[in-house]
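To start, the structure itself, in structure tokens.
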Amino acid sequence: MATIFMAKPLSTQNTSLTQRQRFALISLALLILITFCMGLWQLSRAHNKQLLIDQLAEQKALPPLIWQSGTLPLYRPVRLVGSWLHSAELLLDHRIENGQIGYQVITPFQLKNGDILLVNRGWWPDSHPPQASSSNIVSAQPWPRFFELGHTMPSGNIFQNINPERFATWAKQPKPQAYALMQQGENGLIAAHSQPIIPPERHLAYTATWWAMALAGAFLWFRFKKELKLQPIRSQTLNREAH
């Protein structure tokens, strides 16, 4: 017995094709929207980085404050008067400097009124950094604290990230009031960067890349839509020629 295969009706084929074409247009439009929004996001990041750089430059131009108590003004150079708490020093692991992995050395500094600050003394290549100097006056720059990204248990005094509460629990000391960067490294330590690691120009380049992708997608979208409009005209012409 012969088996007869019947072709799918032309109207059904056209309906299926139209649905796929609409889905393709909608998907491409969503990709264009996503890439455009990503460009806007990178543009906003460039703007925020530039504001931070301007604020840093403005604060650095001010004379340093002798700071003994109260709330530290972010980014303005200060002179801290007190003493180091060497026994509570900790290291932040996997910090990169000039392509080399090492540690940032965080040593608590206690002001005369008893307040504690976490001072980033700089970068060191191994887990045995030199001890802080015996000076009771430290030049530093207040900076936003490190915040813990995940609850990773420390190995001795080596942490992945730190926050004030976790430091107080680990060191059995009062919760630190602020975080600061030493303005100059000492005993071979490399001072921590006081500028954004990714400059605004990099974000502007990312913006240009995302918007170039959005522009290319828009070109393809209009080209595809134009082709879809021409398809019925071509079909009618072929039908006339066939008859």
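Scheme for the structure tokens: letters A, B, ... for chains in order shown; per-chain residue numbers from 1; ligand numbers from 1 in order shown.
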Contacts of Arg76 in chain A at 12 Å (only C-alpha atoms; same-chain gap of 5+ positions) as number ranges by chain: A: 55-67, 71, 139-143, 180-183, 194
message: Could you list, as a VMD selection string, every residue within 6 Å of Glu89 in chain A, counting only C-alpha atoms and ignoring same-chain residues fewer than 2 positions away?
response: chain A and resid 86 to 87 106 to 107
Keeping N, CA and C atoms for every residue in the selection just given, could you write it to a file as an mmCIF file, in the first residue's frame?
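What follows is the written file again_9.cif:
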data_model
loop_
_atom_site.group_PDB
_atom_site.id
_atom_site.type_symbol
_atom_site.label_atom_id
_atom_site.label_comp_id
_atom_site.auth_asym_id
_atom_site.auth_seq_id
_atom_site.Cartn_x
_atom_site.Cartn_y
_atom_site.Cartn_z
ATOM 1 N N HIS A 86 49.554 46.925 67.124
ATOM 2 C CA HIS A 86 50.211 45.939 66.264
ATOM 3 C C HIS A 86 49.617 44.544 66.414
ATOM 4 N N SER A 87 49.142 44.218 67.603
ATOM 5 C CA SER A 87 48.650 42.853 67.843
ATOM 6 C C SER A 87 47.373 42.563 67.077
ATOM 7 N N ILE A 106 46.501 46.081 56.956
ATOM 8 C CA ILE A 106 45.560 46.923 57.704
ATOM 9 C C ILE A 106 45.943 46.878 59.183
ATOM 10 N N THR A 107 46.413 48.020 59.697
ATOM 11 C CA THR A 107 46.834 48.094 61.096
ATOM 12 C C THR A 107 45.931 49.069 61.847
#
Write out as a tab-separated table a residue-level contact list of range 27-132 of chain A versus range 161-166 of chain A with cut-off 10 Å: for each qualifying residue the closest pair of atoms and the distance in Å to one decimal, counting only C-alpha atoms, rows sorted by chain and residue number upward.
residue	atom	partner	partner_atom	distance
A:Leu90	CA	A:Ile162	CA	9.4
A:Leu91	CA	A:Asn161	CA	9.1
A:Leu92	CA	A:Asn161	CA	6.3
A:Asp93	CA	A:Asn161	CA	8.0
A:His94	CA	A:Asn161	CA	10.0
A:Ile106	CA	A:Ile162	CA	9.9
A:Leu117	CA	A:Pro164	CA	9.5
A:Leu118	CA	A:Pro164	CA	8.6
message: With distances taken over only C-alpha atoms, which residue among A:Ser69, A:Gln100, A:Gln42, A:Ser133 lies nearest Ser83 in chain A?
response: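 Nearest candidate to Ser83 in chain A out of A:Ser69, A:Gln100, A:Gln42, A:Ser133: A:Ser133.
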message: Please return, as a ChimeraX atom specification, all residues of chain A that DSSP assigns to strand (DSSP E or B) on the basis of the backbone.
response: /A:65-67,78-84,90-97,100-111,116-124,137-143,155,158-159,178-182,190
query: What is the CA of Ser44 in chain A-CA of Ile32 in chain A distance in Å, reported with one decimal?
result: 18.6 Å
- request: For Ser27 in chain A, list every protein, DNA or RNA residue within 12 Å, evaluated using only C-alpha atoms, and leave out those in the same chain fewer than 4 positions away; present the list as a ChimeraX atom specification.
  value: /A:20-23,31-34,217-218,220-221
Atoms kept (C-alpha atoms) for selection, written as a JSON list (two decimals), in the first residue's frame:
[["chain", "number", "residue", "atom", "x", "y", "z"],
["A", 20, "ARG", "CA", 8.82, 33.40, 13.30],
["A", 21, "GLN", "CA", 9.54, 36.69, 11.59],
["A", 22, "ARG", "CA", 7.67, 38.65, 14.25],
["A", 23, "PHE", "CA", 9.49, 36.77, 16.99],
["A", 31, "LEU", "CA", 18.69, 43.18, 22.15],
["A", 32, "ILE", "CA", 18.90, 46.74, 20.83],
["A", 33, "LEU", "CA", 17.18, 48.03, 23.97],
["A", 34, "ILE", "CA", 19.49, 46.03, 26.25],
["A", 217, "GLY", "CA", 21.26, 46.11, 15.67],
["A", 218, "ALA", "CA", 18.97, 48.97, 14.67],
["A", 220, "LEU", "CA", 19.69, 45.11, 10.92],
["A", 221, "TRP", "CA", 16.21, 45.57, 12.38]]
query: Taking only C-alpha atoms into account, which of A:Gly185, A:Pro200, A:Gly39, A:Pro176 comes nearest Arg121 in chain A?
result: A:Gly185
field: Picked from range 5-165 of chain A by DSSP as alpha helix (DSSP H), as a PyMOL selection string
entry: chain A and resi 10-60+164-165
Atom-to-atom span, CA of Val119 in chain A and CA of Lys49 in chain A, Å: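 For CA of Val119 in chain A relative to CA of Lys49 in chain A, the distance reads 23.4 Å.
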message: Could you list, as a ChimeraX atom specification, every residue within 12 Å of Ile116 in chain A, counting only C-alpha atoms and ignoring same-chain residues fewer than 4 positions away?
response: /A:68-72,80-85,88,107-112,164,167-168,171,173-180
Next, write the just-selected residues to a file, as a PDB file, in the first residue's frame, keeping C-alpha atoms as the atom set.
ATOM      1  CA  GLN A  68      41.481  63.397  67.468  1.00  0.00           C
ATOM      2  CA  SER A  69      37.782  62.516  67.635  1.00  0.00           C
ATOM      3  CA  GLY A  70      34.483  62.706  65.789  1.00  0.00           C
ATOM      4  CA  THR A  71      33.536  61.746  62.238  1.00  0.00           C
ATOM      5  CA  LEU A  72      36.333  61.772  59.708  1.00  0.00           C
ATOM      6  CA  LEU A  80      45.970  61.143  63.366  1.00  0.00           C
ATOM      7  CA  VAL A  81      47.444  61.367  66.857  1.00  0.00           C
ATOM      8  CA  GLY A  82      47.598  58.155  68.901  1.00  0.00           C
ATOM      9  CA  SER A  83      49.285  54.763  68.716  1.00  0.00           C
ATOM     10  CA  TRP A  84      49.338  51.598  66.599  1.00  0.00           C
ATOM     11  CA  LEU A  85      47.720  48.368  67.781  1.00  0.00           C
ATOM     12  CA  ALA A  88      45.408  43.392  65.897  1.00  0.00           C
ATOM     13  CA  THR A 107      46.834  48.094  61.096  1.00  0.00           C
ATOM     14  CA  PRO A 108      44.442  49.547  63.713  1.00  0.00           C
ATOM     15  CA  PHE A 109      45.345  52.983  65.040  1.00  0.00           C
ATOM     16  CA  GLN A 110      43.928  54.119  68.385  1.00  0.00           C
ATOM     17  CA  LEU A 111      43.322  57.818  68.902  1.00  0.00           C
ATOM     18  CA  LYS A 112      43.907  59.489  72.257  1.00  0.00           C
ATOM     19  CA  PRO A 164      33.911  46.902  61.351  1.00  0.00           C
ATOM     20  CA  PHE A 167      37.057  43.096  62.964  1.00  0.00           C
ATOM     21  CA  ALA A 168      35.778  43.880  66.467  1.00  0.00           C
ATOM     22  CA  ALA A 171      40.383  41.358  67.420  1.00  0.00           C
ATOM     23  CA  GLN A 173      38.567  45.423  70.273  1.00  0.00           C
ATOM     24  CA  PRO A 174      35.946  48.205  70.054  1.00  0.00           C
ATOM     25  CA  LYS A 175      34.330  48.599  66.648  1.00  0.00           C
ATOM     26  CA  PRO A 176      36.506  50.866  64.456  1.00  0.00           C
ATOM     27  CA  GLN A 177      35.032  54.267  63.677  1.00  0.00           C
ATOM     28  CA  ALA A 178      36.519  54.757  60.213  1.00  0.00           C
ATOM     29  CA  TYR A 179      38.824  53.419  57.527  1.00  0.00           C
ATOM     30  CA  ALA A 180      41.749  55.394  56.061  1.00  0.00           C
TER      31      ALA A 180
END
task: Would you kindly return, as a list in words, each protein, DNA or RNA residue with an atom no farther than 8 Å from any atom of Pro129 in chain A, considering only C-alpha atoms and excluding same-chain residues fewer than 5 positions away?
output: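 The filter keeps Val105, Trp124 and Leu189 of chain A.
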task: Write out as an MDAnalysis selection string which residues come within 8 Å of range 203-205 of chain A when counting only C-alpha atoms, dropping same-chain ones fewer than 2 positions away.
output: chainID A and resid 42:43 45:46 198:201 207:209
message: Please determine, counting only C-alpha atoms, which residue among A:Leu74, A:Ile158, A:Glu186, A:Phe224 has the shortest atom-to-atom distance to Ile26 in chain A.
response: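 Once distances to Ile26 in chain A are computed over only C-alpha atoms, the minimum belongs to A:Phe224.
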